[in-house]
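Novice: To be precise about what I am sending: the file is called target.csv and holds CSV, C-alpha atoms.
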chain,number,residue,atom,x,y,z
A,825,MET,CA,-6.2,15.2,6.1
A,826,ALA,CA,-6.1,13.8,2.6
A,827,SER,CA,-6.8,10.3,1.5
A,828,ILE,CA,-5.5,8.1,-1.4
A,829,LYS,CA,-7.7,5.4,-2.8
A,830,LEU,CA,-6.4,3.1,-5.5
A,831,HIS,CA,-7.7,-0.1,-7.1
A,832,TYR,CA,-5.9,-2.5,-9.5
A,833,THR,CA,-6.8,-5.8,-11.2
A,834,HIS,CA,-4.2,-8.5,-11.8
A,835,GLN,CA,-3.8,-12.0,-13.0
A,836,LEU,CA,-1.0,-13.1,-10.6
A,837,GLY,CA,-3.2,-14.9,-8.0
A,838,TYR,CA,-3.5,-14.2,-4.3
A,839,ASP,CA,-0.3,-15.9,-3.1
A,840,THR,CA,2.0,-14.1,-5.5
A,841,VAL,CA,0.5,-10.6,-4.7
A,842,HIS,CA,0.4,-11.4,-1.0
A,843,GLU,CA,4.2,-12.2,-1.2
A,844,LYS,CA,4.9,-8.9,-3.1
A,845,VAL,CA,2.8,-6.8,-0.6
A,846,GLU,CA,4.7,-8.4,2.3
A,847,GLU,CA,8.0,-7.4,0.6
A,848,ILE,CA,6.8,-3.8,0.3
A,849,ALA,CA,5.7,-3.8,4.0
A,850,GLN,CA,9.1,-5.2,5.1
A,851,SER,CA,10.8,-2.5,3.1
A,852,LEU,CA,8.7,0.3,4.6
A,853,LYS,CA,9.4,-1.1,8.0
A,854,GLU,CA,13.2,-1.1,7.4
A,855,LYS,CA,13.4,2.3,5.7
A,856,LEU,CA,10.7,4.3,7.4
A,857,GLY,CA,9.9,2.5,10.6
A,858,ALA,CA,6.4,1.5,9.5
A,859,GLU,CA,4.5,-0.9,11.6
A,860,TYR,CA,2.1,-3.4,10.0
A,861,HIS,CA,0.1,-6.6,10.6
A,862,TRP,CA,-2.2,-8.8,8.6
A,863,GLU,CA,-5.9,-9.3,9.3
A,864,ASP,CA,-6.8,-12.2,7.0
A,865,VAL,CA,-6.3,-10.7,3.5
A,866,LYS,CA,-5.8,-7.1,4.6
A,867,LEU,CA,-2.4,-5.6,5.5
A,868,ILE,CA,-2.9,-2.7,7.9
A,869,PHE,CA,0.0,-0.3,8.3
A,870,THR,CA,1.0,2.9,10.2
A,871,LEU,CA,4.0,5.1,9.8
A,872,THR,CA,4.8,8.7,10.7
A,873,GLY,CA,2.2,10.9,9.0
A,874,ALA,CA,0.2,8.1,7.3
A,875,LYS,CA,-1.9,5.0,8.0
A,876,GLY,CA,-3.8,2.7,5.7
A,877,TRP,CA,-4.4,-0.7,4.4
A,878,LEU,CA,-3.9,-2.9,1.3
A,879,LEU,CA,-6.6,-5.5,0.5
A,880,VAL,CA,-5.2,-8.4,-1.5
A,881,GLY,CA,-7.6,-10.4,-3.6
A,882,GLU,CA,-7.3,-13.3,-6.1
A,883,GLU,CA,-7.7,-10.9,-9.0
A,884,ASP,CA,-7.5,-7.4,-7.5
A,885,LEU,CA,-5.6,-5.2,-5.0
A,886,SER,CA,-7.2,-2.2,-3.2
A,887,ILE,CA,-5.2,0.5,-1.3
A,888,GLU,CA,-6.5,3.2,1.0
A,889,ILE,CA,-4.1,5.6,2.8
A,890,GLU,CA,-4.9,8.5,5.1
A,891,LEU,CA,-2.2,11.2,5.0
A,892,GLY,CA,-1.6,13.5,8.0
A,893,LEU,CA,-1.4,17.2,7.7
A,894,VAL,CA,2.4,17.3,7.1
A,895,LEU,CA,2.1,14.9,4.1
A,896,THR,CA,-1.1,16.3,2.6
A,897,PRO,CA,0.7,18.8,0.4
A,898,LEU,CA,2.6,15.9,-1.1
A,899,LYS,CA,-0.5,13.8,-1.9
A,900,GLY,CA,-0.1,14.0,-5.7
A,901,LYS,CA,3.6,12.9,-5.6
A,902,ILE,CA,2.9,10.2,-3.1
A,903,GLU,CA,-0.1,8.9,-5.1
A,904,HIS,CA,2.0,8.9,-8.3
A,905,THR,CA,4.9,7.0,-6.7
A,906,ILE,CA,2.6,4.4,-5.2
A,907,ASP,CA,0.7,4.0,-8.5
A,908,ASN,CA,4.0,3.4,-10.4
A,909,GLU,CA,5.3,1.0,-7.8
A,910,ILE,CA,2.1,-1.1,-7.8
A,911,LYS,CA,1.8,-1.2,-11.5
A,912,GLU,CA,5.4,-2.4,-11.7
A,913,ILE,CA,5.0,-5.2,-9.2
A,914,LEU,CA,1.7,-6.3,-10.8
A,915,SER,CA,3.1,-6.4,-14.4
Represent the structure of the file as structure tokens.
Specialist:
Amino acid sequence: MASIKLHYTHQLGYDTVHEKVEEIAQSLKEKLGAEYHWEDVKLIFTLTGAKGWLLVGEEDLSIEIELGLVLTPLKGKIEHTIDNEIKEILS
């Protein structure tokens, strides 16, 4: 199994980033059947082949994802896609 760990800083404030992360989670639910729930400031998700969390802070966002065996060969592409998406929503 492979893992992806990413950390970002932002100046958008907690509420704005929380809303954007919720939109991403809803999209993953609709498109890929992901399940998720919030535990305070942490969004925890599972979907076929992966599980992880996003921790939303006032000035930062941390992401950790564990990829299953099937997705492990795609780690680089998945990490690159996530990185681009997060940078776009935080800009």
Novice: Each residue of segment 883-909 of chain A with at least one atom at most 6 Å from segment 831-855 of chain A should appear once, together with its nearest atom pair and the corresponding distance in Å (one decimal); atoms considered: only C-alpha atoms; ordering: chain, then increasing residue number; output as a tab-separated table.
Specialist:
residue	atom	partner	partner_atom	distance
A:Glu883	CA	A:His834	CA	5.1
A:Asp884	CA	A:Thr833	CA	4.1
A:Leu885	CA	A:Tyr832	CA	5.3
A:Ser886	CA	A:His831	CA	4.5
Novice: Take the residues from that selection and put them in a file with C-alpha atoms, as an mmCIF file, keeping the file's coordinate frame.
Specialist:
data_model
loop_
_atom_site.group_PDB
_atom_site.id
_atom_site.type_symbol
_atom_site.label_atom_id
_atom_site.label_comp_id
_atom_site.auth_asym_id
_atom_site.auth_seq_id
_atom_site.Cartn_x
_atom_site.Cartn_y
_atom_site.Cartn_z
ATOM 1 C CA GLU A 883 -7.700 -10.900 -9.000
ATOM 2 C CA ASP A 884 -7.500 -7.400 -7.500
ATOM 3 C CA LEU A 885 -5.600 -5.200 -5.000
ATOM 4 C CA SER A 886 -7.200 -2.200 -3.200
#
Novice: With all atoms listed in the file counted and 9 Å as the cut-off, give the residues of segment 857-906 of chain A in contact with segment 826-829 of chain A, each with its shortest interatomic distance in Å and the pair that gives it, as JSON lines.
Specialist:
{"residue": "A:Ser886", "atom": "CA", "partner": "A:Lys829", "partner_atom": "CA", "distance": 7.6}
{"residue": "A:Ile887", "atom": "CA", "partner": "A:Lys829", "partner_atom": "CA", "distance": 5.7}
{"residue": "A:Glu888", "atom": "CA", "partner": "A:Lys829", "partner_atom": "CA", "distance": 4.6}
{"residue": "A:Ile889", "atom": "CA", "partner": "A:Ile828", "partner_atom": "CA", "distance": 5.1}
{"residue": "A:Glu890", "atom": "CA", "partner": "A:Ser827", "partner_atom": "CA", "distance": 4.5}
{"residue": "A:Leu891", "atom": "CA", "partner": "A:Ala826", "partner_atom": "CA", "distance": 5.3}
{"residue": "A:Gly892", "atom": "CA", "partner": "A:Ala826", "partner_atom": "CA", "distance": 7.0}
{"residue": "A:Leu893", "atom": "CA", "partner": "A:Ala826", "partner_atom": "CA", "distance": 7.7}
{"residue": "A:Leu895", "atom": "CA", "partner": "A:Ala826", "partner_atom": "CA", "distance": 8.4}
{"residue": "A:Thr896", "atom": "CA", "partner": "A:Ala826", "partner_atom": "CA", "distance": 5.6}
{"residue": "A:Pro897", "atom": "CA", "partner": "A:Ala826", "partner_atom": "CA", "distance": 8.7}
{"residue": "A:Lys899", "atom": "CA", "partner": "A:Ala826", "partner_atom": "CA", "distance": 7.2}
{"residue": "A:Ile902", "atom": "CA", "partner": "A:Ile828", "partner_atom": "CA", "distance": 8.8}
{"residue": "A:Glu903", "atom": "CA", "partner": "A:Ile828", "partner_atom": "CA", "distance": 6.6}
Novice: Using only C-alpha atoms - which residues lie no farther than 10 Å from the point (-4.8, 0.6, 5.8) in the file's frame? Write them as an NGL selection string.
Specialist: :A and (860-861 or 866-870 or 874-879 or 886-890)
Novice: Expressed in Å to a single decimal, how great is the separation between atom CA of Val880 of chain A and atom CA of Leu914 of chain A?
Specialist: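 Answer for the atom CA of Val880 of chain A to atom CA of Leu914 of chain A separation: 11.8 Å.
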Novice: Between atom CA of Leu856 of chain A and atom CA of Lys901 of chain A, measure the distance and give it in Å to one decimal.
Specialist: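 Value for the atom CA of Leu856 of chain A-atom CA of Lys901 of chain A distance: 17.1 Å.
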Novice: Any idea what the distance is between atom CA of Trp862 of chain A and atom CA of Met825 of chain A?
Specialist: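 These atoms are spaced 24.5 Å apart.
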Novice: Rebuild segment 883-904 of chain A to N, CA and C atoms - output it as a CSV table (one decimal), keeping the file's coordinate frame, please.
Specialist:
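Here's the written file out_2.csv:
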chain,number,residue,atom,x,y,z
A,883,GLU,N,-7.8,-11.5,-7.7
A,883,GLU,CA,-7.7,-10.9,-9.0
A,883,GLU,C,-7.6,-9.3,-8.9
A,884,ASP,N,-7.5,-8.8,-7.6
A,884,ASP,CA,-7.5,-7.4,-7.5
A,884,ASP,C,-6.7,-7.0,-6.2
A,885,LEU,N,-6.4,-5.7,-6.1
A,885,LEU,CA,-5.6,-5.2,-5.0
A,885,LEU,C,-6.2,-3.8,-4.8
A,886,SER,N,-6.6,-3.5,-3.6
A,886,SER,CA,-7.2,-2.2,-3.2
A,886,SER,C,-6.3,-1.6,-2.1
A,887,ILE,N,-6.1,-0.3,-2.2
A,887,ILE,CA,-5.2,0.5,-1.3
A,887,ILE,C,-6.0,1.7,-0.8
A,888,GLU,N,-5.9,2.0,0.5
A,888,GLU,CA,-6.5,3.2,1.0
A,888,GLU,C,-5.5,3.7,2.0
A,889,ILE,N,-5.1,5.0,1.9
A,889,ILE,CA,-4.1,5.6,2.8
A,889,ILE,C,-4.7,7.0,3.2
A,890,GLU,N,-4.6,7.2,4.5
A,890,GLU,CA,-4.9,8.5,5.1
A,890,GLU,C,-3.6,9.2,5.4
A,891,LEU,N,-3.4,10.4,4.8
A,891,LEU,CA,-2.2,11.2,5.0
A,891,LEU,C,-2.5,12.2,6.1
A,892,GLY,N,-1.5,12.4,7.0
A,892,GLY,CA,-1.6,13.5,8.0
A,892,GLY,C,-1.4,14.8,7.4
A,893,LEU,N,-1.5,15.9,8.2
A,893,LEU,CA,-1.4,17.2,7.7
A,893,LEU,C,0.0,17.5,7.1
A,894,VAL,N,1.0,17.0,7.6
A,894,VAL,CA,2.4,17.3,7.1
A,894,VAL,C,2.5,16.7,5.7
A,895,LEU,N,1.9,15.5,5.4
A,895,LEU,CA,2.1,14.9,4.1
A,895,LEU,C,1.0,15.3,3.1
A,896,THR,N,0.0,15.9,3.5
A,896,THR,CA,-1.1,16.3,2.6
A,896,THR,C,-0.7,17.1,1.4
A,897,PRO,N,0.2,18.1,1.6
A,897,PRO,CA,0.7,18.8,0.4
A,897,PRO,C,1.4,17.9,-0.6
A,898,LEU,N,1.9,16.8,-0.2
A,898,LEU,CA,2.6,15.9,-1.1
A,898,LEU,C,1.7,14.8,-1.7
A,899,LYS,N,0.4,14.9,-1.5
A,899,LYS,CA,-0.5,13.8,-1.9
A,899,LYS,C,-0.3,13.4,-3.3
A,900,GLY,N,-0.2,14.3,-4.3
A,900,GLY,CA,-0.1,14.0,-5.7
A,900,GLY,C,1.2,13.2,-6.0
A,901,LYS,N,2.3,13.6,-5.4
A,901,LYS,CA,3.6,12.9,-5.6
A,901,LYS,C,3.5,11.5,-5.0
A,902,ILE,N,3.0,11.5,-3.8
A,902,ILE,CA,2.9,10.2,-3.1
A,902,ILE,C,2.0,9.2,-3.9
A,903,GLU,N,0.9,9.7,-4.3
A,903,GLU,CA,-0.1,8.9,-5.1
A,903,GLU,C,0.6,8.4,-6.4
A,904,HIS,N,1.3,9.3,-7.1
A,904,HIS,CA,2.0,8.9,-8.3
A,904,HIS,C,3.0,7.8,-8.1
